[in-house]
Amino acid sequence: MAQPSSVDALIETIKRYLHLRIEQVKFLGTEKLSVILAASVFLMVTILLAVIAVCYFSVALLQLLQSCVGLVWASVIMGVVMLLLICLIYLMRKRWILDPITRFLSRVLLDDKDDDDTENPQIG
């Protein structure tokens with residue numbers, strides 16, 4: 001029986017290394033996907049609760065205004081307030097919505113928490 005040559009040993013080592021790297025990528029992908037999905041569910045629940053809270057507050061404000069200006073004018077005022085709120089959210093969508101989502105996704109997807117730098121510190 002022949003002893004494995006250094007080339008065969010090198011090829012086996014490279015295969016094992018590639019297999020381990022593929023497994024690492026799978027684990028990192030699974031971890032990052034679970035973080036993104038958990039954040040998405042949290043965001044959806046938070047938005048739903050915020051919409052419910054805004055509905056309750058608008059009804060309360062409508063009843064308060066109704067006692068002062070009447071039902072029709074209170075409804076008109078609340079409609080204008082809601083339209084102004086929609087316009088404000090539209091104008092600030094980049095700062096309030098797009099930028100935080102972009103920062104979160106880039107932090108989750110692009111931050112490499114590998115300890116490659118600690119394993120192979122550069123001298124100099």
# chains A, B, ... in the order shown; residues from 1 in each chain; ligands from 1
call {"tool": "residues_around", "arguments": {"residues": "stretch 46-61 of chain A", "least_positions_apart": "4", "cutoff": "12 Å", "atoms": "only C-alpha atoms", "output": "mmCIF file with N, CA and C atoms, in the first residue's frame"}}
result
data_model
loop_
_atom_site.group_PDB
_atom_site.id
_atom_site.type_symbol
_atom_site.label_atom_id
_atom_site.label_comp_id
_atom_site.auth_asym_id
_atom_site.auth_seq_id
_atom_site.Cartn_x
_atom_site.Cartn_y
_atom_site.Cartn_z
ATOM 1 N N ALA A 39 -36.677 40.746 12.780
ATOM 2 C CA ALA A 39 -36.850 42.205 12.756
ATOM 3 C C ALA A 39 -38.069 42.593 11.923
ATOM 4 N N SER A 40 -38.320 41.876 10.828
ATOM 5 C CA SER A 40 -39.484 42.165 9.987
ATOM 6 C C SER A 40 -40.787 41.906 10.735
ATOM 7 N N VAL A 41 -40.844 40.790 11.447
ATOM 8 C CA VAL A 41 -42.048 40.480 12.227
ATOM 9 C C VAL A 41 -42.250 41.521 13.319
ATOM 10 N N PHE A 42 -41.165 41.877 14.006
ATOM 11 C CA PHE A 42 -41.256 42.904 15.044
ATOM 12 C C PHE A 42 -41.746 44.227 14.455
ATOM 13 N N LEU A 65 -63.063 67.387 19.813
ATOM 14 C CA LEU A 65 -63.372 68.477 18.894
ATOM 15 C C LEU A 65 -64.870 68.592 18.645
ATOM 16 N N GLN A 66 -65.572 67.481 18.653
ATOM 17 C CA GLN A 66 -67.016 67.493 18.417
ATOM 18 C C GLN A 66 -67.737 68.320 19.471
ATOM 19 N N SER A 67 -67.266 68.255 20.680
ATOM 20 C CA SER A 67 -67.925 69.031 21.742
ATOM 21 C C SER A 67 -67.667 70.523 21.566
ATOM 22 N N CYS A 68 -66.625 70.889 20.826
ATOM 23 C CA CYS A 68 -66.306 72.314 20.636
ATOM 24 C C CYS A 68 -66.873 72.882 19.339
ATOM 25 N N VAL A 69 -66.739 72.141 18.220
ATOM 26 C CA VAL A 69 -67.098 72.713 16.917
ATOM 27 C C VAL A 69 -68.175 71.936 16.179
ATOM 28 N N LEU A 71 -69.878 67.930 14.953
ATOM 29 C CA LEU A 71 -69.401 66.686 14.362
ATOM 30 C C LEU A 71 -68.793 66.892 12.978
ATOM 31 N N ALA A 74 -65.463 68.785 13.191
ATOM 32 C CA ALA A 74 -64.482 67.924 13.861
ATOM 33 C C ALA A 74 -63.976 66.856 12.890
ATOM 34 N N SER A 75 -64.866 66.309 12.079
ATOM 35 C CA SER A 75 -64.455 65.317 11.082
ATOM 36 C C SER A 75 -63.561 65.943 10.025
ATOM 37 N N ILE A 77 -61.615 68.597 10.422
ATOM 38 C CA ILE A 77 -60.321 68.877 11.059
ATOM 39 C C ILE A 77 -59.499 67.605 11.181
ATOM 40 N N MET A 78 -60.118 66.517 11.591
ATOM 41 C CA MET A 78 -59.390 65.257 11.726
ATOM 42 C C MET A 78 -58.913 64.751 10.356
ATOM 43 N N GLY A 79 -59.720 64.930 9.333
ATOM 44 C CA GLY A 79 -59.309 64.545 7.985
ATOM 45 C C GLY A 79 -58.094 65.344 7.526
ATOM 46 N N VAL A 80 -58.102 66.649 7.795
ATOM 47 C CA VAL A 80 -56.963 67.492 7.425
ATOM 48 C C VAL A 80 -55.722 67.090 8.219
ATOM 49 N N VAL A 81 -55.894 66.800 9.511
ATOM 50 C CA VAL A 81 -54.752 66.372 10.333
ATOM 51 C C VAL A 81 -54.177 65.074 9.792
ATOM 52 N N MET A 82 -55.029 64.127 9.409
ATOM 53 C CA MET A 82 -54.546 62.861 8.858
ATOM 54 C C MET A 82 -53.833 63.075 7.525
ATOM 55 N N LEU A 85 -50.477 64.486 8.267
ATOM 56 C CA LEU A 85 -49.618 63.427 8.789
ATOM 57 C C LEU A 85 -49.085 62.539 7.654
ATOM 58 N N ILE A 97 -37.733 56.094 7.140
ATOM 59 C CA ILE A 97 -38.018 54.715 6.742
ATOM 60 C C ILE A 97 -36.843 54.094 5.985
#
call {"tool": "atom_distance", "arguments": {"atom1": "atom CA of A:Val76", "atom2": "atom CA of A:Leu64"}}
result
13.4 Å
call {"tool": "atom_distance", "arguments": {"atom1": "atom CA of A:Arg107", "atom2": "atom CA of A:Ala38"}}
result
14.7 Å
call {"tool": "select_by_dssp", "arguments": {"residues": "chain A", "states": "alpha helix (DSSP H)", "output": "ChimeraX atom specification"}}
result
/A:6-69,71-91,93,99-110,116-119
